[in-house]
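Okay, data_17.txt now, which holds compact mmCIF, C-alpha atoms:
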# COMPACT_ATOMS: atom_id res chain seq x y z
CA ASP G 22 -44.15 7.71 49.25
CA GLN G 23 -44.71 3.99 49.67
CA GLN G 24 -48.13 2.91 48.44
CA VAL G 25 -47.86 -0.52 50.05
CA LYS G 26 -47.01 -0.70 53.73
CA GLN G 27 -46.08 -3.58 55.96
CA ASN G 28 -45.94 -2.02 59.39
CA SER G 29 -44.58 -5.04 61.26
CA PRO G 30 -40.91 -5.59 60.39
CA SER G 31 -40.81 -8.92 62.19
CA LEU G 32 -42.98 -11.68 63.58
CA SER G 33 -42.04 -14.60 65.81
CA VAL G 34 -44.39 -17.58 66.09
CA GLN G 35 -44.25 -21.05 67.57
CA GLU G 36 -44.25 -24.04 65.26
CA GLY G 37 -47.76 -25.29 64.67
CA ARG G 38 -49.44 -21.98 65.47
CA ILE G 39 -50.92 -19.43 63.08
CA SER G 40 -48.82 -16.67 61.49
CA ILE G 41 -50.73 -13.52 60.45
CA LEU G 42 -48.98 -10.97 58.27
CA ASN G 43 -50.62 -7.64 57.53
CA CYS G 44 -50.38 -5.24 54.61
CA ASP G 45 -52.04 -1.87 53.94
CA TYR G 46 -52.20 0.05 50.68
CA THR G 47 -53.08 3.63 49.81
CA ASN G 48 -53.71 3.50 46.06
CA SER G 49 -57.40 2.73 45.45
CA MET G 50 -56.58 1.79 41.85
CA PHE G 51 -54.77 -1.36 42.96
CA ASP G 52 -56.85 -4.40 42.09
CA TYR G 53 -54.37 -7.26 42.17
CA PHE G 54 -52.36 -8.29 45.20
CA LEU G 55 -49.56 -10.79 45.66
CA TRP G 56 -47.33 -12.20 48.36
CA TYR G 57 -43.73 -13.18 47.75
CA LYS G 58 -41.44 -15.13 50.06
CA LYS G 59 -37.69 -14.64 50.28
CA TYR G 60 -34.97 -16.75 51.87
CA PRO G 61 -31.51 -15.27 52.61
CA ALA G 62 -29.20 -15.05 49.58
CA GLU G 63 -32.04 -15.98 47.23
CA GLY G 64 -34.48 -14.02 45.12
CA PRO G 65 -38.15 -13.68 46.12
CA THR G 66 -40.51 -16.42 44.98
CA PHE G 67 -44.22 -16.08 44.32
CA LEU G 68 -46.47 -17.43 47.07
CA ILE G 69 -50.11 -16.51 46.52
CA SER G 70 -52.26 -13.82 44.92
CA ILE G 71 -55.76 -12.39 45.03
CA SER G 72 -57.74 -10.12 42.75
CA SER G 73 -60.11 -7.45 43.99
CA ILE G 74 -63.18 -9.41 42.88
CA LYS G 75 -62.50 -11.88 45.70
CA ASP G 76 -62.09 -11.43 49.43
CA LYS G 77 -60.30 -14.70 50.10
CA ASN G 78 -57.93 -17.05 48.30
CA GLU G 79 -56.56 -20.26 49.74
CA ASP G 80 -53.65 -22.47 48.71
CA GLY G 81 -52.81 -25.24 51.13
CA ARG G 82 -51.58 -23.74 54.39
CA PHE G 83 -51.64 -20.20 52.99
CA THR G 84 -54.73 -17.98 52.86
CA VAL G 85 -54.89 -14.35 51.79
CA PHE G 86 -57.77 -12.12 52.88
CA LEU G 87 -58.64 -8.83 51.20
CA ASN G 88 -60.67 -6.02 52.77
CA LYS G 89 -61.10 -3.46 50.01
CA SER G 90 -62.99 -0.91 52.10
CA ALA G 91 -60.14 -0.83 54.60
CA LYS G 92 -57.45 -1.14 51.91
CA HIS G 93 -56.00 -4.00 53.90
CA LEU G 94 -54.89 -7.52 53.20
CA SER G 95 -53.48 -10.25 55.35
CA LEU G 96 -51.68 -13.55 54.87
CA HIS G 97 -52.45 -16.43 57.21
CA ILE G 98 -50.11 -19.41 57.49
CA VAL G 99 -51.64 -22.38 59.30
CA PRO G 100 -49.91 -24.30 60.74
CA SER G 101 -46.57 -22.52 60.74
CA GLN G 102 -43.52 -24.68 60.01
CA PRO G 103 -39.78 -24.02 60.46
CA GLY G 104 -39.37 -23.83 56.67
CA ASP G 105 -41.72 -20.83 56.68
CA SER G 106 -39.03 -18.71 58.34
CA ALA G 107 -38.35 -16.09 55.65
CA VAL G 108 -39.08 -12.52 54.63
CA TYR G 109 -42.57 -12.01 53.20
CA PHE G 110 -43.28 -9.16 50.80
CA CYS G 111 -46.72 -7.85 50.00
CA ALA G 112 -47.12 -6.41 46.49
CA ALA G 113 -49.88 -4.69 44.56
CA SER G 114 -50.63 -3.72 41.00
CA VAL G 115 -53.24 -2.23 38.72
CA SER G 116 -54.66 -4.74 36.22
CA GLY G 117 -52.61 -4.83 33.05
CA ASP G 118 -49.80 -2.75 34.50
CA TYR G 119 -46.23 -3.94 34.17
CA LYS G 120 -45.20 -2.78 37.59
CA LEU G 121 -45.59 -4.09 41.10
CA SER G 122 -45.38 -1.92 44.19
CA PHE G 123 -43.78 -3.79 47.08
CA GLY G 124 -43.98 -3.34 50.82
CA ALA G 125 -40.85 -3.30 52.98
CA GLY G 126 -41.29 -6.91 54.05
CA THR G 127 -41.97 -8.81 57.28
CA THR G 128 -39.40 -11.26 58.64
CA VAL G 129 -41.10 -14.35 60.04
CA THR G 130 -39.28 -16.61 62.48
CA VAL G 131 -40.90 -19.93 63.37
CA ARG G 132 -39.67 -21.27 66.71
CA ALA G 133 -39.47 -25.00 67.34
CA ASN M 12 -33.43 -25.29 33.97
CA ALA M 13 -31.52 -22.23 35.23
CA GLY M 14 -34.44 -19.74 35.29
CA VAL M 15 -33.03 -16.24 35.90
CA THR M 16 -29.26 -15.91 36.28
CA GLN M 17 -27.55 -12.76 37.51
CA THR M 18 -23.83 -12.00 37.27
CA PRO M 19 -21.85 -11.04 39.21
CA LYS M 20 -23.08 -12.07 42.68
CA PHE M 21 -20.97 -9.49 44.52
CA ARG M 22 -19.12 -6.36 43.50
CA VAL M 23 -17.32 -3.50 45.23
CA LEU M 24 -16.89 -0.25 43.32
CA LYS M 25 -15.26 3.05 44.09
CA THR M 26 -17.27 6.22 43.62
CA GLY M 27 -17.25 7.25 39.97
CA GLN M 28 -16.50 3.80 38.55
CA SER M 29 -18.83 2.13 36.10
CA MET M 30 -20.12 -1.39 35.79
CA THR M 31 -22.73 -3.52 34.08
CA LEU M 32 -24.94 -6.12 35.72
CA LEU M 33 -26.07 -8.94 33.49
CA CYS M 34 -29.37 -10.78 33.71
CA ALA M 35 -30.17 -13.82 31.59
CA GLN M 36 -33.40 -15.83 31.50
CA ASP M 37 -34.10 -19.09 29.69
CA MET M 38 -37.90 -19.13 30.00
CA ASN M 39 -38.61 -17.14 26.83
CA HIS M 40 -40.30 -14.43 28.90
CA GLU M 41 -41.21 -11.15 27.23
CA TYR M 42 -41.09 -8.99 30.36
CA MET M 43 -37.96 -8.28 32.35
CA TYR M 44 -37.34 -6.01 35.34
CA TRP M 45 -34.58 -4.60 37.50
CA TYR M 46 -35.33 -3.96 41.19
CA ARG M 47 -33.21 -2.75 44.05
CA GLN M 48 -33.76 -3.81 47.64
CA ASP M 49 -32.81 -1.54 50.51
CA PRO M 50 -33.49 -2.00 54.25
CA GLY M 51 -36.92 -0.70 55.21
CA MET M 52 -37.78 0.12 51.59
CA GLY M 53 -38.78 -3.18 50.07
CA LEU M 54 -38.13 -3.71 46.37
CA ARG M 55 -38.22 -0.67 44.10
CA LEU M 56 -38.42 -0.87 40.33
CA ILE M 57 -35.51 0.73 38.49
CA HIS M 58 -36.25 -0.06 34.82
CA TYR M 59 -38.24 -2.65 32.95
CA SER M 60 -38.68 -4.04 29.44
CA VAL M 61 -41.80 -5.34 27.73
CA GLY M 62 -39.93 -7.03 24.91
CA GLU M 63 -36.70 -7.20 22.94
CA GLY M 64 -35.48 -3.73 22.03
CA THR M 65 -37.76 -1.92 24.51
CA THR M 66 -36.99 -0.31 27.87
CA ALA M 67 -38.92 1.95 30.23
CA LYS M 68 -38.31 3.81 33.48
CA GLY M 69 -39.55 2.55 36.80
CA GLU M 70 -39.75 4.29 40.18
CA VAL M 71 -36.03 5.00 40.72
CA PRO M 72 -34.30 5.20 37.31
CA ASP M 73 -31.82 8.02 37.97
CA GLY M 74 -28.18 6.99 37.67
CA TYR M 75 -28.97 3.78 35.79
CA ASN M 76 -29.28 2.76 32.15
CA VAL M 77 -30.54 -0.48 30.65
CA SER M 78 -30.50 -2.34 27.37
CA ARG M 79 -32.45 -5.31 25.99
CA LEU M 80 -30.72 -6.19 22.74
CA LYS M 81 -31.66 -9.87 23.00
CA LYS M 82 -34.90 -11.24 24.40
CA GLN M 83 -33.12 -13.38 26.97
CA ASN M 84 -30.78 -10.68 28.33
CA PHE M 85 -31.41 -7.48 30.28
CA LEU M 86 -28.40 -5.36 31.21
CA LEU M 87 -28.26 -2.75 33.97
CA GLY M 88 -25.50 -0.16 33.76
CA LEU M 89 -24.12 2.29 36.28
CA GLU M 90 -22.10 4.94 34.47
CA SER M 91 -20.71 6.72 37.54
CA ALA M 92 -21.38 4.82 40.75
CA ALA M 93 -22.38 6.68 43.92
CA PRO M 94 -22.56 5.44 47.54
CA SER M 95 -26.36 5.83 47.35
CA GLN M 96 -26.35 2.98 44.83
CA THR M 97 -25.10 0.53 47.43
CA SER M 98 -27.87 -2.03 47.41
CA VAL M 99 -28.93 -5.54 46.46
CA TYR M 100 -30.10 -5.68 42.86
CA PHE M 101 -32.61 -8.22 41.63
CA CYS M 102 -33.52 -9.05 38.08
CA ALA M 103 -36.87 -10.66 37.34
CA SER M 104 -38.81 -11.88 34.34
CA SER M 105 -42.44 -12.77 33.65
CA TYR M 106 -44.53 -14.29 30.89
CA SER M 107 -47.12 -11.49 30.95
CA PRO M 108 -47.55 -8.21 32.88
CA ALA M 109 -46.58 -8.45 36.54
CA ALA M 110 -50.18 -8.27 37.71
CA TYR M 111 -51.12 -11.43 35.78
CA SER M 112 -48.17 -13.77 36.04
CA PRO M 113 -45.63 -14.30 38.81
CA LEU M 114 -42.23 -12.70 38.61
CA HIS M 115 -39.28 -15.09 38.52
CA PHE M 116 -36.34 -13.54 40.32
CA GLY M 117 -32.62 -14.14 40.13
CA ASN M 118 -30.59 -14.54 43.33
CA GLY M 119 -29.40 -10.97 43.37
CA THR M 120 -26.20 -8.94 43.07
CA ARG M 121 -24.86 -7.28 46.20
CA LEU M 122 -23.18 -4.02 45.20
CA THR M 123 -21.14 -1.84 47.55
CA VAL M 124 -19.95 1.59 46.44
CA THR M 125 -17.25 3.14 48.62

What's the structure tokens form of this structure?
Amino acid sequence: DQQVKQNSPSLSVQEGRISILNCDYTNSMFDYFLWYKKYPAEGPTFLISISSIKDKNEDGRFTVFLNKSAKHLSLHIVPSQPGDSAVYFCAASVSGDYKLSFGAGTTVTVRA
Amino acid sequence: NAGVTQTPKFRVLKTGQSMTLLCAQDMNHEYMYWYRQDPGMGLRLIHYSVGEGTTAKGEVPDGYNVSRLKKQNFLLGLESAAPSQTSVYFCASSYSPAAYSPLHFGNGTRLTVT
């Protein structure tokens, strides 16, 4: 049973607009959350993370929001650029654990 | 700086054949991982290692074995391949546990078992 769920397999957005990717988790022990980005024929690369003591973390055009009561996090990309077209994976972990639990991924396509 | 290198990039096996996937990292990372990626399933952890000479089971370890004889290398073995093992395999490494430091992934091995 997947503990991290990304219910939208794909998202299409116009260049310059906001992309919002959603992620839900079921394990209340998770306290560290990450987003990875993956281009075709490449491995995933780390994008941004947030710990449960925060509800927001920002890095340039990327912002992650965490709603612990709803067990929900989201990734905002503003403004979206063609180079952002990729698969985005949400991941979660318990502090100190060696393992990450990944969602199934959301494919983002940025239209010119 | 190569980072994480996986060999081979592609492989086709017949059911029952065996093979070994090699992962090498040049970042002096202690932690190494093998994941498989399947459509609609995301990345699932097969085995991992917290240091030279150590290995541990992940979420989906059945049918796989691993070895970490040298710190920089992490080998994934399939003793008797099955069609259910058709997947894309990713190796990753990290400086500290996955929750605290980003995973660095290789570019993957696409395996088809017929």

- Note on the structure: One residue among G:Thr66, G:Ser40, G:Asp80, G:Cys111 is nearest to Ser104 (chain M) when using only C-alpha atoms, and that residue is G:Thr66

- Item | Distance in Å - CA of Ser31 (chain G) versus CA of Thr16 (chain M) | 29.2 Å

How close does chain M get to chain G? List, as a Markdown table, each residue of chain M within 7 Å, its nearest atom pair and the distance in Å to one decimal, counting only C-alpha atoms.
| residue | atom | partner | partner_atom | distance |
| --- | --- | --- | --- | --- |
| M:Gly51 | CA | G:Ala125 | CA | 5.2 |
| M:Met52 | CA | G:Ala125 | CA | 4.8 |
| M:Gly53 | CA | G:Ala125 | CA | 3.6 |
| M:Leu54 | CA | G:Phe123 | CA | 5.7 |
| M:Pro108 | CA | G:Tyr119 | CA | 4.7 |
| M:Ala109 | CA | G:Tyr119 | CA | 5.1 |
| M:Ala110 | CA | G:Ser114 | CA | 5.6 |
| M:Pro113 | CA | G:Phe67 | CA | 6.0 |
| M:Leu114 | CA | G:Phe67 | CA | 6.9 |
| M:His115 | CA | G:Thr66 | CA | 6.7 |
| M:Phe116 | CA | G:Gly64 | CA | 5.2 |
| M:Gly117 | CA | G:Gly64 | CA | 5.3 |
| M:Asn118 | CA | G:Gly64 | CA | 4.3 |
| M:Gly119 | CA | G:Gly64 | CA | 6.2 |

Excluding region 90-100 of chain G and its own-chain neighbours fewer than 4 positions away, which residues fall within 6 Å of it when counting only C-alpha atoms? Please give them as a tab-separated table (two decimals) with C-alpha atoms, keeping the file's coordinate frame.
chain	number	residue	atom	x	y	z
G	37	GLY	CA	-47.76	-25.29	64.67
G	38	ARG	CA	-49.44	-21.98	65.47
G	39	ILE	CA	-50.92	-19.43	63.08
G	40	SER	CA	-48.82	-16.67	61.49
G	41	ILE	CA	-50.73	-13.52	60.45
G	42	LEU	CA	-48.98	-10.97	58.27
G	43	ASN	CA	-50.62	-7.64	57.53
G	44	CYS	CA	-50.38	-5.24	54.61
G	45	ASP	CA	-52.04	-1.87	53.94
G	46	TYR	CA	-52.20	0.05	50.68
G	82	ARG	CA	-51.58	-23.74	54.39
G	83	PHE	CA	-51.64	-20.20	52.99
G	84	THR	CA	-54.73	-17.98	52.86
G	85	VAL	CA	-54.89	-14.35	51.79
G	86	PHE	CA	-57.77	-12.12	52.88

- Any idea what's packed within 12 Å of Tyr100 (chain M), counting all atoms listed in the file, ignoring anything in its chain fewer than 2 positions away? Could you give it as JSON, numbers by chain? {"G": [62, 63, 64, 65], "M": [17, 18, 19, 20, 21, 22, 31, 32, 33, 34, 44, 45, 46, 47, 48, 49, 53, 54, 55, 56, 57, 58, 75, 86, 87, 88, 89, 96, 97, 98, 102, 103, 116, 117, 118, 119, 120, 121, 122, 123]}

Once 5 Å is added on each side, what are the centre and the three edge lengths, in Å to one decimal, of the axis-aligned box enclosing the listed atoms of region 111-114 of chain G? Present them as lines of an AutoDock Vina configuration file.
center_x = -48.7
center_y = -5.8
center_z = 45.5
size_x = 13.9
size_y = 14.1
size_z = 19.0

- Query: What is the distance between CA of Asp22 (chain G) and CA of Ser78 (chain M), in Å to one decimal?
  - Reply: 27.7 Å

- Could you please determine the separation between CA of Arg79 (chain M) and CA of Met43 (chain M) in Å, to one decimal place?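 Spanning CA of Arg79 (chain M) to CA of Met43 (chain M) is a straight-line distance of 8.9 Å.
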
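Between Asn84 (chain M) and the candidates M:Gln36, M:Thr125, M:Ser112, M:Thr66, the tightest atom-to-atom separation, counting only C-alpha atoms, involves M:Gln36.
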
Would you output region 99-119 of chain M from that structure, restricted to N, CA and C atoms, as an mmCIF file, in the first residue's frame?
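File written: result34.cif
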data_model
loop_
_atom_site.group_PDB
_atom_site.id
_atom_site.type_symbol
_atom_site.label_atom_id
_atom_site.label_comp_id
_atom_site.auth_asym_id
_atom_site.auth_seq_id
_atom_site.Cartn_x
_atom_site.Cartn_y
_atom_site.Cartn_z
ATOM 1 N N VAL M 99 12.813 -0.323 -14.739
ATOM 2 C CA VAL M 99 13.979 0.555 -14.806
ATOM 3 C C VAL M 99 14.579 0.600 -13.411
ATOM 4 N N TYR M 100 15.846 0.307 -13.310
ATOM 5 C CA TYR M 100 16.522 0.231 -12.021
ATOM 6 C C TYR M 100 17.428 1.444 -11.832
ATOM 7 N N PHE M 101 17.281 2.074 -10.681
ATOM 8 C CA PHE M 101 18.101 3.229 -10.346
ATOM 9 C C PHE M 101 18.918 2.957 -9.098
ATOM 10 N N CYS M 102 20.183 3.301 -9.187
ATOM 11 C CA CYS M 102 21.055 3.297 -8.028
ATOM 12 C C CYS M 102 21.179 4.727 -7.523
ATOM 13 N N ALA M 103 21.330 4.882 -6.220
ATOM 14 C CA ALA M 103 21.497 6.214 -5.642
ATOM 15 C C ALA M 103 22.464 6.134 -4.474
ATOM 16 N N SER M 104 23.044 7.272 -4.141
ATOM 17 C CA SER M 104 23.916 7.341 -2.968
ATOM 18 C C SER M 104 23.635 8.636 -2.226
ATOM 19 N N SER M 105 24.004 8.656 -0.941
ATOM 20 C CA SER M 105 23.833 9.878 -0.150
ATOM 21 C C SER M 105 24.897 9.934 0.935
ATOM 22 N N TYR M 106 25.168 11.171 1.372
ATOM 23 C CA TYR M 106 26.180 11.395 2.399
ATOM 24 C C TYR M 106 25.695 10.928 3.779
ATOM 25 N N SER M 107 24.413 11.170 4.047
ATOM 26 C CA SER M 107 23.829 10.760 5.336
ATOM 27 C C SER M 107 22.457 10.163 5.044
ATOM 28 N N PRO M 108 21.710 9.705 6.065
ATOM 29 C CA PRO M 108 20.414 9.088 5.784
ATOM 30 C C PRO M 108 19.530 9.919 4.860
ATOM 31 N N ALA M 109 18.724 9.207 4.071
ATOM 32 C CA ALA M 109 17.970 9.828 2.978
ATOM 33 C C ALA M 109 17.114 11.004 3.428
ATOM 34 N N ALA M 110 16.689 11.009 4.682
ATOM 35 C CA ALA M 110 15.858 12.111 5.159
ATOM 36 C C ALA M 110 16.658 13.401 5.311
ATOM 37 N N TYR M 111 17.984 13.293 5.452
ATOM 38 C CA TYR M 111 18.795 14.462 5.792
ATOM 39 C C TYR M 111 19.630 14.999 4.647
ATOM 40 N N SER M 112 19.947 14.158 3.686
ATOM 41 C CA SER M 112 20.756 14.647 2.576
ATOM 42 C C SER M 112 20.207 14.079 1.285
ATOM 43 N N PRO M 113 20.245 14.879 0.203
ATOM 44 C CA PRO M 113 19.644 14.445 -1.054
ATOM 45 C C PRO M 113 20.279 13.167 -1.592
ATOM 46 N N LEU M 114 19.465 12.367 -2.239
ATOM 47 C CA LEU M 114 19.972 11.217 -2.961
ATOM 48 C C LEU M 114 20.512 11.672 -4.301
ATOM 49 N N HIS M 115 21.655 11.100 -4.692
ATOM 50 C CA HIS M 115 22.226 11.329 -6.017
ATOM 51 C C HIS M 115 22.000 10.051 -6.811
ATOM 52 N N PHE M 116 21.260 10.177 -7.892
ATOM 53 C CA PHE M 116 20.872 9.013 -8.678
ATOM 54 C C PHE M 116 21.758 8.845 -9.912
ATOM 55 N N GLY M 117 21.933 7.578 -10.318
ATOM 56 C CA GLY M 117 22.476 7.297 -11.628
ATOM 57 C C GLY M 117 21.393 7.458 -12.686
ATOM 58 N N ASN M 118 21.753 7.209 -13.945
ATOM 59 C CA ASN M 118 20.805 7.409 -15.043
ATOM 60 C C ASN M 118 19.948 6.199 -15.352
ATOM 61 N N GLY M 119 20.108 5.136 -14.579
ATOM 62 C CA GLY M 119 19.198 4.020 -14.705
ATOM 63 C C GLY M 119 19.665 2.913 -15.638
#
